[in-house]
Each structure stands twice: as C-alpha cells, then as structure tokens.
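Data block for input.pdb (PDB, C-alpha atoms, pLDDT in the B column):
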ATOM      1  CA  MET Q 244      19.686  18.113  11.790  1.00 73.00           C
ATOM      2  CA  LYS Q 245      19.627  18.263  15.581  1.00 75.00           C
ATOM      3  CA  SER Q 246      16.760  19.974  17.349  1.00 75.00           C
ATOM      4  CA  ALA Q 247      17.861  23.189  19.042  1.00 71.00           C
ATOM      5  CA  LYS Q 248      16.310  21.846  22.250  1.00 72.00           C
ATOM      6  CA  LYS Q 249      18.573  18.783  22.457  1.00 77.00           C
ATOM      7  CA  HIS Q 250      22.283  18.478  23.213  1.00 76.00           C
ATOM      8  CA  ILE Q 251      22.630  15.439  20.939  1.00 88.00           C
ATOM      9  CA  CYS Q 252      20.592  14.250  17.972  1.00 93.00           C
ATOM     10  CA  GLU Q 253      18.464  11.221  18.819  1.00 96.00           C
ATOM     11  CA  ASP Q 254      18.106  10.435  15.111  1.00 97.00           C
ATOM     12  CA  TYR Q 255      20.656   8.319  13.264  1.00 98.00           C
ATOM     13  CA  PHE Q 256      21.202   7.361   9.647  1.00 98.00           C
ATOM     14  CA  ILE Q 257      23.018   4.835   7.467  1.00 97.00           C
ATOM     15  CA  SER Q 258      24.204   5.534   3.933  1.00 96.00           C
ATOM     16  CA  ASN Q 259      26.254   2.615   2.655  1.00 95.00           C
ATOM     17  CA  LYS Q 260      26.358   2.587  -1.143  1.00 93.00           C
ATOM     18  CA  GLU Q 261      28.522  -0.547  -1.335  1.00 92.00           C
ATOM     19  CA  MET Q 262      25.920  -2.557   0.585  1.00 92.00           C
ATOM     20  CA  GLY Q 263      23.019  -0.757  -1.062  1.00 94.00           C
ATOM     21  CA  LEU Q 264      21.816  -0.076   2.476  1.00 96.00           C
ATOM     22  CA  PHE Q 265      20.171   3.177   3.524  1.00 97.00           C
ATOM     23  CA  ALA Q 266      18.227   3.874   6.709  1.00 98.00           C
ATOM     24  CA  VAL Q 267      16.958   6.580   9.019  1.00 98.00           C
ATOM     25  CA  LEU Q 268      16.255   5.906  12.684  1.00 98.00           C
ATOM     26  CA  ASP Q 269      14.476   8.022  15.269  1.00 98.00           C
ATOM     27  CA  GLY Q 270      15.121   7.138  18.902  1.00 97.00           C
ATOM     28  CA  ALA Q 271      12.089   7.759  21.101  1.00 96.00           C
ATOM     29  CA  THR Q 272      12.842  10.359  23.757  1.00 91.00           C
ATOM     30  CA  PRO Q 273      12.809   8.370  27.010  1.00 92.00           C
ATOM     31  CA  ILE Q 274      10.694   8.904  30.080  1.00 93.00           C
ATOM     32  CA  SER Q 275      13.327   7.506  32.448  1.00 90.00           C
ATOM     33  CA  ASN Q 276      16.412   9.416  33.557  1.00 90.00           C
ATOM     34  CA  PHE Q 277      18.875   6.664  32.590  1.00 94.00           C
ATOM     35  CA  VAL Q 278      22.072   7.698  30.806  1.00 94.00           C
ATOM     36  CA  ASP Q 279      25.164   5.597  30.138  1.00 94.00           C
ATOM     37  CA  GLN Q 280      28.758   6.444  31.031  1.00 93.00           C
ATOM     38  CA  ASP Q 281      28.922   8.778  28.031  1.00 93.00           C
ATOM     39  CA  GLY Q 282      25.751  10.622  29.001  1.00 94.00           C
ATOM     40  CA  HIS Q 283      23.642   9.055  26.252  1.00 96.00           C
ATOM     41  CA  ASN Q 284      19.974   8.363  26.952  1.00 96.00           C
ATOM     42  CA  GLY Q 285      17.877   5.440  25.739  1.00 97.00           C
ATOM     43  CA  ALA Q 286      16.818   7.197  22.534  1.00 97.00           C
ATOM     44  CA  VAL Q 287      20.391   7.847  21.418  1.00 97.00           C
ATOM     45  CA  LEU Q 288      21.473   4.327  22.389  1.00 98.00           C
ATOM     46  CA  ALA Q 289      18.546   2.627  20.649  1.00 98.00           C
ATOM     47  CA  SER Q 290      19.023   4.387  17.320  1.00 98.00           C
ATOM     48  CA  ARG Q 291      22.799   3.767  17.335  1.00 98.00           C
ATOM     49  CA  ILE Q 292      22.641   0.148  18.517  1.00 98.00           C
ATOM     50  CA  VAL Q 293      20.046  -0.811  15.922  1.00 98.00           C
ATOM     51  CA  GLY Q 294      21.668   1.251  13.179  1.00 97.00           C
ATOM     52  CA  ASN Q 295      25.131  -0.217  13.713  1.00 96.00           C
ATOM     53  CA  ALA Q 296      23.692  -3.718  13.902  1.00 96.00           C
ATOM     54  CA  LEU Q 297      21.979  -3.318  10.520  1.00 95.00           C
ATOM     55  CA  ILE Q 298      25.345  -2.774   8.849  1.00 92.00           C
ATOM     56  CA  LYS Q 299      26.945  -5.820  10.461  1.00 89.00           C
ATOM     57  CA  VAL Q 300      24.228  -8.321   9.515  1.00 81.00           C
ATOM     58  CA  GLU Q 301      24.815  -9.454   5.942  1.00 76.00           C
ATOM     59  CA  ASN Q 302      23.294 -11.912   3.455  1.00 73.00           C
ATOM     60  CA  THR Q 303      19.949 -12.231   5.215  1.00 84.00           C
ATOM     61  CA  SER Q 304      16.451 -10.997   4.477  1.00 91.00           C
ATOM     62  CA  ILE Q 305      15.652  -7.466   5.544  1.00 94.00           C
ATOM     63  CA  LYS Q 306      13.198  -8.839   8.118  1.00 95.00           C
ATOM     64  CA  THR Q 307      15.837 -11.118   9.641  1.00 95.00           C
ATOM     65  CA  THR Q 308      18.345  -8.275   9.688  1.00 95.00           C
ATOM     66  CA  ILE Q 309      15.963  -6.054  11.643  1.00 97.00           C
ATOM     67  CA  SER Q 310      14.975  -8.914  13.953  1.00 96.00           C
ATOM     68  CA  GLU Q 311      18.618  -9.549  14.863  1.00 96.00           C
ATOM     69  CA  ALA Q 312      19.224  -5.852  15.432  1.00 97.00           C
ATOM     70  CA  ASN Q 313      16.188  -5.739  17.720  1.00 98.00           C
ATOM     71  CA  LEU Q 314      17.537  -8.739  19.643  1.00 97.00           C
ATOM     72  CA  LEU Q 315      20.879  -6.995  20.088  1.00 97.00           C
ATOM     73  CA  LEU Q 316      19.029  -3.980  21.483  1.00 98.00           C
ATOM     74  CA  ALA Q 317      17.339  -6.252  24.030  1.00 98.00           C
ATOM     75  CA  ASN Q 318      20.676  -7.740  25.043  1.00 97.00           C
ATOM     76  CA  GLU Q 319      22.238  -4.306  25.514  1.00 97.00           C
ATOM     77  CA  MET Q 320      19.400  -3.289  27.819  1.00 97.00           C
ATOM     78  CA  LYS Q 321      19.970  -6.416  29.908  1.00 97.00           C
ATOM     79  CA  ILE Q 322      23.675  -5.603  30.151  1.00 96.00           C
ATOM     80  CA  HIS Q 323      22.744  -2.164  31.503  1.00 96.00           C
ATOM     81  CA  ARG Q 324      20.240  -3.720  33.948  1.00 96.00           C
ATOM     82  CA  ILE Q 325      17.198  -2.030  32.448  1.00 96.00           C
ATOM     83  CA  ASP Q 326      13.931  -3.303  33.909  1.00 95.00           C
ATOM     84  CA  THR Q 327      12.485  -4.671  30.671  1.00 93.00           C
ATOM     85  CA  SER Q 328       9.214  -5.590  32.398  1.00 93.00           C
ATOM     86  CA  LYS Q 329       8.365  -1.881  32.331  1.00 94.00           C
ATOM     87  CA  LYS Q 330       7.764  -0.761  28.761  1.00 95.00           C
ATOM     88  CA  GLU Q 331       8.363   2.876  29.632  1.00 95.00           C
ATOM     89  CA  GLU Q 332      11.934   1.939  30.615  1.00 96.00           C
ATOM     90  CA  LEU Q 333      12.750   0.314  27.265  1.00 97.00           C
ATOM     91  CA  TRP Q 334      15.097   1.960  24.795  1.00 98.00           C
ATOM     92  CA  SER Q 335      13.198   2.278  21.545  1.00 98.00           C
ATOM     93  CA  THR Q 336      13.609   3.518  18.010  1.00 98.00           C
ATOM     94  CA  CYS Q 337      11.604   3.867  14.825  1.00 98.00           C
ATOM     95  CA  LEU Q 338      13.151   2.825  11.516  1.00 98.00           C
ATOM     96  CA  ALA Q 339      12.793   3.200   7.765  1.00 98.00           C
ATOM     97  CA  MET Q 340      15.290   1.392   5.560  1.00 98.00           C
ATOM     98  CA  VAL Q 341      15.945   0.084   2.082  1.00 97.00           C
ATOM     99  CA  LYS Q 342      18.384  -2.528   0.850  1.00 96.00           C
ATOM    100  CA  MET Q 343      18.993  -2.561  -2.891  1.00 94.00           C
ATOM    101  CA  ASP Q 344      20.739  -4.598  -5.524  1.00 92.00           C
ATOM    102  CA  ASP Q 345      20.830  -4.093  -9.286  1.00 91.00           C
ATOM    103  CA  ASN Q 346      17.269  -5.315  -9.745  1.00 95.00           C
ATOM    104  CA  GLU Q 347      15.249  -4.977  -6.554  1.00 96.00           C
ATOM    105  CA  ILE Q 348      14.581  -2.537  -3.734  1.00 97.00           C
ATOM    106  CA  HIS Q 349      13.702  -4.211  -0.436  1.00 97.00           C
ATOM    107  CA  PHE Q 350      12.134  -1.815   2.063  1.00 98.00           C
ATOM    108  CA  ALA Q 351      10.957  -2.011   5.654  1.00 98.00           C
ATOM    109  CA  GLN Q 352       9.520   0.421   8.170  1.00 98.00           C
ATOM    110  CA  ILE Q 353       8.318   0.486  11.753  1.00 98.00           C
ATOM    111  CA  GLY Q 354       7.103   3.327  13.943  1.00 97.00           C
ATOM    112  CA  ASP Q 355       6.707   6.818  12.522  1.00 96.00           C
ATOM    113  CA  CYS Q 356       9.606   7.018  10.061  1.00 98.00           C
ATOM    114  CA  MET Q 357       8.329   7.153   6.493  1.00 98.00           C
ATOM    115  CA  ILE Q 358       9.284   5.869   3.036  1.00 98.00           C
ATOM    116  CA  PHE Q 359       8.209   7.380  -0.293  1.00 98.00           C
ATOM    117  CA  ALA Q 360       9.171   6.365  -3.826  1.00 97.00           C
ATOM    118  CA  THR Q 361       8.968   8.161  -7.150  1.00 96.00           C
ATOM    119  CA  THR Q 362       8.301   6.186 -10.304  1.00 96.00           C
ATOM    120  CA  ARG Q 363       9.926   6.620 -13.694  1.00 94.00           C
ATOM    121  CA  THR Q 364       6.790   8.486 -14.761  1.00 93.00           C
ATOM    122  CA  GLY Q 365       7.180  10.982 -11.909  1.00 91.00           C
ATOM    123  CA  GLU Q 366       4.407   9.636  -9.676  1.00 94.00           C
ATOM    124  CA  TRP Q 367       5.059   9.574  -5.918  1.00 95.00           C
ATOM    125  CA  LYS Q 368       4.003   6.536  -3.901  1.00 96.00           C
ATOM    126  CA  THR Q 369       3.746   6.240  -0.120  1.00 96.00           C
ATOM    127  CA  LEU Q 370       5.291   2.924   0.934  1.00 97.00           C
ATOM    128  CA  SER Q 371       4.757   3.148   4.687  1.00 96.00           C
ATOM    129  CA  LYS Q 372       2.303   4.089   7.393  1.00 93.00           C
ATOM    130  CA  ASP Q 373       2.878   6.278  10.436  1.00 95.00           C
ATOM    131  CA  MET Q 374       2.189   3.659  13.116  1.00 95.00           C
ATOM    132  CA  VAL Q 375       2.451   6.164  15.981  1.00 96.00           C
ATOM    133  CA  PHE Q 376       0.002   8.779  14.670  1.00 96.00           C
ATOM    134  CA  GLY Q 377      -3.156   8.864  16.800  1.00 96.00           C
ATOM    135  CA  ILE Q 378      -1.742   6.780  19.654  1.00 97.00           C
ATOM    136  CA  SER Q 379      -3.059   9.127  22.352  1.00 96.00           C
ATOM    137  CA  GLU Q 380      -6.624   8.745  21.105  1.00 97.00           C
ATOM    138  CA  ARG Q 381      -6.225   4.973  20.770  1.00 98.00           C
ATOM    139  CA  ALA Q 382      -4.842   4.893  24.308  1.00 98.00           C
ATOM    140  CA  ARG Q 383      -7.873   6.818  25.599  1.00 97.00           C
ATOM    141  CA  GLN Q 384     -10.224   4.364  23.883  1.00 97.00           C
ATOM    142  CA  HIS Q 385      -8.209   1.479  25.311  1.00 97.00           C
ATOM    143  CA  ARG Q 386      -8.662   2.871  28.819  1.00 97.00           C
ATOM    144  CA  GLU Q 387     -12.398   3.209  28.248  1.00 97.00           C
ATOM    145  CA  ASN Q 388     -12.590  -0.429  27.194  1.00 96.00           C
ATOM    146  CA  GLU Q 389     -10.525  -1.471  30.216  1.00 96.00           C
ATOM    147  CA  ARG Q 390     -12.876   0.377  32.564  1.00 96.00           C
ATOM    148  CA  ARG Q 391     -15.885  -1.322  30.965  1.00 95.00           C
ATOM    149  CA  LEU Q 392     -14.243  -4.653  31.766  1.00 96.00           C
ATOM    150  CA  GLY Q 393     -13.943  -3.622  35.394  1.00 96.00           C
ATOM    151  CA  ARG Q 394     -10.299  -2.663  35.549  1.00 94.00           C
ATOM    152  CA  LYS Q 395      -9.619   0.178  37.976  1.00 95.00           C
ATOM    153  CA  LEU Q 396      -7.756   3.024  36.331  1.00 96.00           C
ATOM    154  CA  PRO Q 397      -7.233   6.654  37.361  1.00 96.00           C
ATOM    155  CA  PRO Q 398      -9.724   9.167  35.911  1.00 96.00           C
ATOM    156  CA  GLU Q 399      -8.888  10.777  32.568  1.00 96.00           C
ATOM    157  CA  GLU Q 400      -7.690  13.923  34.330  1.00 97.00           C
ATOM    158  CA  TYR Q 401      -4.725  11.870  35.550  1.00 98.00           C
ATOM    159  CA  TYR Q 402      -3.627  11.271  31.956  1.00 97.00           C
ATOM    160  CA  GLN Q 403      -3.656  14.969  31.127  1.00 96.00           C
ATOM    161  CA  ASN Q 404      -0.250  14.929  32.779  1.00 97.00           C
ATOM    162  CA  LYS Q 405       2.189  14.363  29.913  1.00 95.00           C
ATOM    163  CA  LYS Q 406       4.362  11.856  31.745  1.00 95.00           C
ATOM    164  CA  HIS Q 407       1.404   9.767  32.887  1.00 97.00           C
ATOM    165  CA  SER Q 408       0.042   9.802  29.354  1.00 97.00           C
ATOM    166  CA  LEU Q 409       3.371   8.731  27.819  1.00 96.00           C
ATOM    167  CA  ILE Q 410       3.795   5.869  30.282  1.00 97.00           C
ATOM    168  CA  TYR Q 411       0.360   4.533  29.369  1.00 97.00           C
ATOM    169  CA  ASN Q 412       0.968   5.026  25.646  1.00 97.00           C
ATOM    170  CA  ARG Q 413       4.195   3.038  25.831  1.00 97.00           C
ATOM    171  CA  SER Q 414       2.417   0.191  27.571  1.00 97.00           C
ATOM    172  CA  LEU Q 415       0.682  -0.289  24.211  1.00 97.00           C
ATOM    173  CA  ALA Q 416       3.931  -0.681  22.244  1.00 97.00           C
ATOM    174  CA  ASN Q 417       3.773  -3.588  19.792  1.00 97.00           C
ATOM    175  CA  LYS Q 418       0.172  -4.429  20.615  1.00 96.00           C
ATOM    176  CA  GLU Q 419      -2.860  -4.459  18.355  1.00 93.00           C
ATOM    177  CA  ASN Q 420      -4.444  -0.992  18.279  1.00 93.00           C
ATOM    178  CA  GLY Q 421      -1.337   0.379  19.951  1.00 96.00           C
ATOM    179  CA  TYR Q 422       1.751   1.349  18.011  1.00 97.00           C
ATOM    180  CA  ALA Q 423       4.861  -0.366  16.674  1.00 97.00           C
ATOM    181  CA  VAL Q 424       8.485   0.330  17.541  1.00 98.00           C
ATOM    182  CA  LEU Q 425      11.800  -1.498  17.909  1.00 98.00           C
ATOM    183  CA  ASN Q 426      12.304  -1.817  21.667  1.00 98.00           C
ATOM    184  CA  GLY Q 427      13.866  -5.252  22.075  1.00 98.00           C
ATOM    185  CA  ASP Q 428      10.472  -6.955  22.183  1.00 97.00           C
ATOM    186  CA  PRO Q 429      10.322  -9.820  19.624  1.00 97.00           C
ATOM    187  CA  ALA Q 430       6.654  -8.934  19.045  1.00 97.00           C
ATOM    188  CA  ALA Q 431       7.779  -5.799  17.202  1.00 98.00           C
ATOM    189  CA  ILE Q 432       8.738  -7.796  14.119  1.00 97.00           C
ATOM    190  CA  GLN Q 433       5.161  -8.904  13.433  1.00 96.00           C
ATOM    191  CA  PHE Q 434       4.238  -5.234  12.947  1.00 97.00           C
ATOM    192  CA  LEU Q 435       7.044  -4.573  10.479  1.00 97.00           C
ATOM    193  CA  HIS Q 436       5.834  -3.064   7.206  1.00 96.00           C
ATOM    194  CA  GLU Q 437       7.914  -4.399   4.310  1.00 96.00           C
ATOM    195  CA  GLY Q 438       7.902  -4.975   0.578  1.00 97.00           C
ATOM    196  CA  ILE Q 439       9.896  -5.303  -2.633  1.00 97.00           C
ATOM    197  CA  LEU Q 440      10.013  -2.967  -5.636  1.00 97.00           C
ATOM    198  CA  GLN Q 441      11.439  -3.568  -9.079  1.00 97.00           C
ATOM    199  CA  LYS Q 442      14.222  -1.016  -9.353  1.00 95.00           C
ATOM    200  CA  GLU Q 443      13.733  -0.426 -13.076  1.00 95.00           C
ATOM    201  CA  GLU Q 444      10.295   1.060 -12.373  1.00 96.00           C
ATOM    202  CA  TYR Q 445      11.557   3.731  -9.970  1.00 97.00           C
ATOM    203  CA  ARG Q 446      13.865   6.707 -10.055  1.00 95.00           C
ATOM    204  CA  GLY Q 447      14.107   7.562  -6.370  1.00 95.00           C
ATOM    205  CA  ILE Q 448      13.441   6.628  -2.751  1.00 98.00           C
ATOM    206  CA  LEU Q 449      12.924   9.063   0.114  1.00 98.00           C
ATOM    207  CA  LEU Q 450      13.411   8.108   3.782  1.00 98.00           C
ATOM    208  CA  MET Q 451      12.624  10.494   6.636  1.00 98.00           C
ATOM    209  CA  THR Q 452      12.085  10.785  10.382  1.00 98.00           C
ATOM    210  CA  ASP Q 453       9.023  12.521  11.751  1.00 97.00           C
ATOM    211  CA  GLY Q 454      10.867  15.768  12.426  1.00 96.00           C
ATOM    212  CA  LEU Q 455      10.615  16.410   8.689  1.00 97.00           C
ATOM    213  CA  PHE Q 456       6.866  15.860   8.514  1.00 97.00           C
ATOM    214  CA  PRO Q 457       4.854  18.892   7.365  1.00 95.00           C
ATOM    215  CA  LYS Q 458       2.749  20.314  10.176  1.00 93.00           C
ATOM    216  CA  ASP Q 459      -0.453  19.737   8.196  1.00 94.00           C
ATOM    217  CA  ARG Q 460       0.702  16.240   7.153  1.00 94.00           C
ATOM    218  CA  ASN Q 461       0.090  17.148   3.524  1.00 95.00           C
ATOM    219  CA  TRP Q 462       2.426  14.605   1.922  1.00 96.00           C
ATOM    220  CA  GLY Q 463       1.600  15.755  -1.584  1.00 94.00           C
ATOM    221  CA  MET Q 464       2.707  19.336  -0.969  1.00 95.00           C
ATOM    222  CA  MET Q 465       5.795  18.139   0.888  1.00 96.00           C
ATOM    223  CA  LEU Q 466       6.869  15.833  -1.923  1.00 96.00           C
ATOM    224  CA  SER Q 467       6.249  18.530  -4.523  1.00 95.00           C
ATOM    225  CA  HIS Q 468       8.418  20.948  -2.530  1.00 95.00           C
ATOM    226  CA  ILE Q 469      11.227  18.394  -2.225  1.00 96.00           C
ATOM    227  CA  ASN Q 470      11.008  17.496  -5.905  1.00 93.00           C
ATOM    228  CA  GLN Q 471      11.325  21.159  -6.923  1.00 94.00           C
ATOM    229  CA  ASN Q 472      13.769  22.483  -4.332  1.00 95.00           C
ATOM    230  CA  GLY Q 473      15.582  19.490  -2.862  1.00 95.00           C
ATOM    231  CA  LEU Q 474      15.441  17.848   0.557  1.00 97.00           C
ATOM    232  CA  TYR Q 475      17.884  20.222   2.271  1.00 96.00           C
ATOM    233  CA  GLN Q 476      15.984  23.337   1.219  1.00 97.00           C
ATOM    234  CA  TYR Q 477      12.703  21.763   2.304  1.00 97.00           C
ATOM    235  CA  ALA Q 478      14.170  21.037   5.749  1.00 96.00           C
ATOM    236  CA  LYS Q 479      15.585  24.545   6.026  1.00 96.00           C
ATOM    237  CA  ASN Q 480      12.231  26.109   5.116  1.00 96.00           C
ATOM    238  CA  LEU Q 481      10.441  23.881   7.636  1.00 96.00           C
ATOM    239  CA  ILE Q 482      12.779  24.966  10.433  1.00 95.00           C
ATOM    240  CA  GLU Q 483      12.227  28.627   9.544  1.00 95.00           C
ATOM    241  CA  TYR Q 484       8.460  28.070   9.602  1.00 95.00           C
ATOM    242  CA  GLU Q 485       8.635  26.333  12.987  1.00 94.00           C
ATOM    243  CA  GLN Q 486      10.741  29.125  14.459  1.00 94.00           C
ATOM    244  CA  ALA Q 487       8.543  31.893  13.068  1.00 95.00           C
ATOM    245  CA  ASN Q 488       5.422  30.278  14.507  1.00 95.00           C
ATOM    246  CA  ASN Q 489       6.956  29.143  17.806  1.00 93.00           C
ATOM    247  CA  LEU Q 490       6.190  25.503  16.996  1.00 92.00           C
ATOM    248  CA  SER Q 491       7.816  22.435  18.483  1.00 86.00           C
ATOM    249  CA  GLN Q 492      10.942  21.258  16.707  1.00 89.00           C
ATOM    250  CA  ASP Q 493      12.291  17.746  16.484  1.00 93.00           C
ATOM    251  CA  ASP Q 494      15.473  16.208  15.098  1.00 95.00           C
ATOM    252  CA  LYS Q 495      15.313  16.036  11.314  1.00 97.00           C
ATOM    253  CA  THR Q 496      16.886  13.263   9.248  1.00 98.00           C
ATOM    254  CA  GLY Q 497      16.191  12.341   5.641  1.00 98.00           C
ATOM    255  CA  ILE Q 498      17.840  10.514   2.760  1.00 98.00           C
ATOM    256  CA  TRP Q 499      16.793  11.065  -0.843  1.00 97.00           C
ATOM    257  CA  ILE Q 500      18.234   8.341  -3.046  1.00 96.00           C
ATOM    258  CA  GLN Q 501      18.016   9.144  -6.746  1.00 93.00           C
ATOM    259  CA  PHE Q 502      18.758   6.605  -9.474  1.00 90.00           C
ATOM    260  CA  SER Q 503      20.223   7.416 -12.858  1.00 74.00           C
TER     261      SER Q 503
END

Could the structure of this file be written out as structure tokens, please?
Amino acid sequence: MKSAKKHICEDYFISNKEMGLFAVLDGATPISNFVDQDGHNGAVLASRIVGNALIKVENTSIKTTISEANLLLANEMKIHRIDTSKKEELWSTCLAMVKMDDNEIHFAQIGDCMIFATTRTGEWKTLSKDMVFGISERARQHRENERRLGRKLPPEEYYQNKKHSLIYNRSLANKENGYAVLNGDPAAIQFLHEGILQKEEYRGILLMTDGLFPKDRNWGMMLSHINQNGLYQYAKNLIEYEQANNLSQDDKTGIWIQFS
C-alpha cells in the first residue's frame, strides 16, 4: 500500500512460488534530489534493483544472493555517477526475505524490515531485529564520543534540523553501533541477520516493512490481530488509526505465507 504522501511506493515485494522466494523491500527515502529519466528517486531504484536481482540469482546461498544484489546496486549507482563517497547520496533499501524448499526455510533480514514465524503449535517467533530503531540516539552518543576525542562538530542544536540529522545518521550506515542497510557497500553483508528453519515445525512466515509496524511496537498484539483478522484487515485498521490521529504514514508492504 502506497503512502498517501508519496506519488510512487518506495516499497517493493517478491512473491515467486516456483522459486520458493518471497521478500519485502523498503527503499530509504533519499536526502538528495536525484531522480532518473523516469522520475524515480534512489529509494524506488534501490528496492527495485535489489528485488529484481534476487530473482535472477539462482542456486546460491541466500547470503551470496543478497551480496550479489548489493553489488549490482553499487554498479548501478556508478553508472548514474552517484558520488558513493557520500553515504547520504547512496541509494539504499532494507530487506526481509525467505527462500524455501520442501524441507527448509532460509531467511535473511537487514535494516528495519521484519520477519515473524508461527509454529505448528501456534506460537509466534520473532526472527529478526529492527536494526534502524534508535539510530538517532546512537548517533547523538556517537557525536558525544567524537567530541571527547577532539573532533570538531557543530553543536547539538545543528542536528535538530531534520536534514542535518539524517545526513549524520546515514554516515553510520553499516558501522558498529550504527545501523545496517543495503546501499552498495560490501560491509552491509556482515550485518545480515540470517538463519534456517525446519519447515515441518512451522505453519507460516510473515514478512513486513516498517510502515506496518504498530505505533506502540507491541508485536504480540499486532500478531494476534493478524492471526484473527488477516494481514489486509490489520493494515486497513492501522491506516484508519493513523488518519484519525493525524499520525505519519509510510508505505505498507507485507506477505503472510501460510503452509498447509
């Protein structure tokens, strides 16, 4: 679902039953004004480039697949003459994906997309971590540490400006105590969260972008709502709540895969 504030959805998804490949991607709204010949910004391009690359890479590990997609993203930025030395100029996207066969579920996540799984006994498990949550506070602490080491930085009032704050936050992409995201930087892969599940032990997998997160981040209540009413109804109710309370709205993308 596209945010009412955007002319094009920066999220993207893959649902390929033949390959057993499912993914949601959330392009990070860019700071720069770059758009391509079709009017697409870096967020739209990142989610589509990575998403399309995931489908084309076959017969490799999920980590290798994502690494190659990230490399392709880097190459596309070079083609478009993006200054990759400036992290705020990079096209970037978060990702949550699963690749399944008859016996195993391979999953991987980076950024703030999330993965949940429900067991045969009905228990929900959280398989990922929101790597972006709290970045502004971590960035503030990072600046404090930098100042203690003698580095000259503007006063904190400077970073109350949203753009200044975002530029600094993105300088911490794919660094320890920063946040993780696919932005063409090979370092991103070391922050990838991945694992393998035995398919016989599970009856469903849920992938979602952060636009679907409950405002109070109560995963338990969210999962209960989805289990009772379905993903679409949950999303619809969330939009109505956001509108009624004049809250910010983001693109919303989710895939609920249920096994027989």

The PyMOL selection byres ((chain Q and resi 245) around 9) on the file shown: which residues, as a ChimeraX atom specification? /Q:244,246-254,493-496

Would you list the contacts of range 469-486 of chain Q as a ChimeraX atom specification, taking every protein, DNA or RNA residue within 8 Å and counting all atoms listed in the file, but skipping same-chain residues closer than 3 positions in sequence? /Q:455,457,465-466,489-492,495,497,499

Could you take the residues named above and write them with C-alpha atoms, as a PDB file, in the coordinates of the input?
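For reference, selection-v3.pdb as written:
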ATOM      1  CA  LEU Q 455      10.615  16.410   8.689  1.00 97.00           C
ATOM      2  CA  PRO Q 457       4.854  18.892   7.365  1.00 95.00           C
ATOM      3  CA  MET Q 465       5.795  18.139   0.888  1.00 96.00           C
ATOM      4  CA  LEU Q 466       6.869  15.833  -1.923  1.00 96.00           C
ATOM      5  CA  ASN Q 489       6.956  29.143  17.806  1.00 93.00           C
ATOM      6  CA  LEU Q 490       6.190  25.503  16.996  1.00 92.00           C
ATOM      7  CA  SER Q 491       7.816  22.435  18.483  1.00 86.00           C
ATOM      8  CA  GLN Q 492      10.942  21.258  16.707  1.00 89.00           C
ATOM      9  CA  LYS Q 495      15.313  16.036  11.314  1.00 97.00           C
ATOM     10  CA  GLY Q 497      16.191  12.341   5.641  1.00 98.00           C
ATOM     11  CA  TRP Q 499      16.793  11.065  -0.843  1.00 97.00           C
TER      12      TRP Q 499
END

Nearest to Glu301 in chain Q: which of Q:His385, Q:Leu264, Q:Pro398, Q:Ile322 is it, counting only C-alpha atoms?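 So, comparing all the options, the nearest one is Q:Leu264.
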
Closest to Asn259 in chain Q among Q:Asn313, Q:Gln403, Q:Asn295, Q:Ser304, using only C-alpha atoms?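 Among the listed residues, the smallest separation from Asn259 in chain Q belongs to Q:Asn295.
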
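For the structure in this document, the set picked by the PyMOL selection byres ((chain Q and resi 355) around 6) is Gly354, Cys356, Asp373, Met374 and Val375 of chain Q.
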
Residues from the last selection, C-alpha atoms, saved as a PDB file, keeping the file's coordinate frame:
ATOM      1  CA  GLY Q 354       7.103   3.327  13.943  1.00 97.00           C
ATOM      2  CA  CYS Q 356       9.606   7.018  10.061  1.00 98.00           C
ATOM      3  CA  ASP Q 373       2.878   6.278  10.436  1.00 95.00           C
ATOM      4  CA  MET Q 374       2.189   3.659  13.116  1.00 95.00           C
ATOM      5  CA  VAL Q 375       2.451   6.164  15.981  1.00 96.00           C
TER       6      VAL Q 375
END

Could range 469-482 of chain Q be completed with N, CA and C atoms and written as a compact mmCIF listing (two decimals), in the frame of the given file, please?
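Output below, filename result.txt:
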# COMPACT_ATOMS: atom_id res chain seq x y z
N ILE Q 469 9.94 19.08 -2.18
CA ILE Q 469 11.23 18.39 -2.22
C ILE Q 469 11.65 18.16 -3.67
N ASN Q 470 10.70 17.77 -4.50
CA ASN Q 470 11.01 17.50 -5.90
C ASN Q 470 11.52 18.75 -6.62
N GLN Q 471 10.96 19.91 -6.26
CA GLN Q 471 11.32 21.16 -6.92
C GLN Q 471 12.58 21.81 -6.34
N ASN Q 472 12.73 21.71 -5.01
CA ASN Q 472 13.77 22.48 -4.33
C ASN Q 472 14.84 21.65 -3.64
N GLY Q 473 14.61 20.35 -3.54
CA GLY Q 473 15.58 19.49 -2.86
C GLY Q 473 15.23 19.28 -1.40
N LEU Q 474 15.76 18.22 -0.82
CA LEU Q 474 15.44 17.85 0.56
C LEU Q 474 16.02 18.85 1.56
N TYR Q 475 17.25 19.30 1.33
CA TYR Q 475 17.88 20.22 2.27
C TYR Q 475 17.11 21.54 2.36
N GLN Q 476 16.72 22.07 1.22
CA GLN Q 476 15.98 23.34 1.22
C GLN Q 476 14.62 23.18 1.88
N TYR Q 477 13.99 22.03 1.65
CA TYR Q 477 12.70 21.76 2.30
C TYR Q 477 12.87 21.78 3.82
N ALA Q 478 13.92 21.10 4.31
CA ALA Q 478 14.17 21.04 5.75
C ALA Q 478 14.45 22.43 6.31
N LYS Q 479 15.24 23.18 5.59
CA LYS Q 479 15.58 24.54 6.03
C LYS Q 479 14.34 25.42 6.12
N ASN Q 480 13.47 25.33 5.11
CA ASN Q 480 12.23 26.11 5.12
C ASN Q 480 11.31 25.69 6.26
N LEU Q 481 11.29 24.38 6.55
CA LEU Q 481 10.44 23.88 7.64
C LEU Q 481 10.92 24.42 8.98
N ILE Q 482 12.23 24.43 9.20
CA ILE Q 482 12.78 24.97 10.43
C ILE Q 482 12.43 26.45 10.58
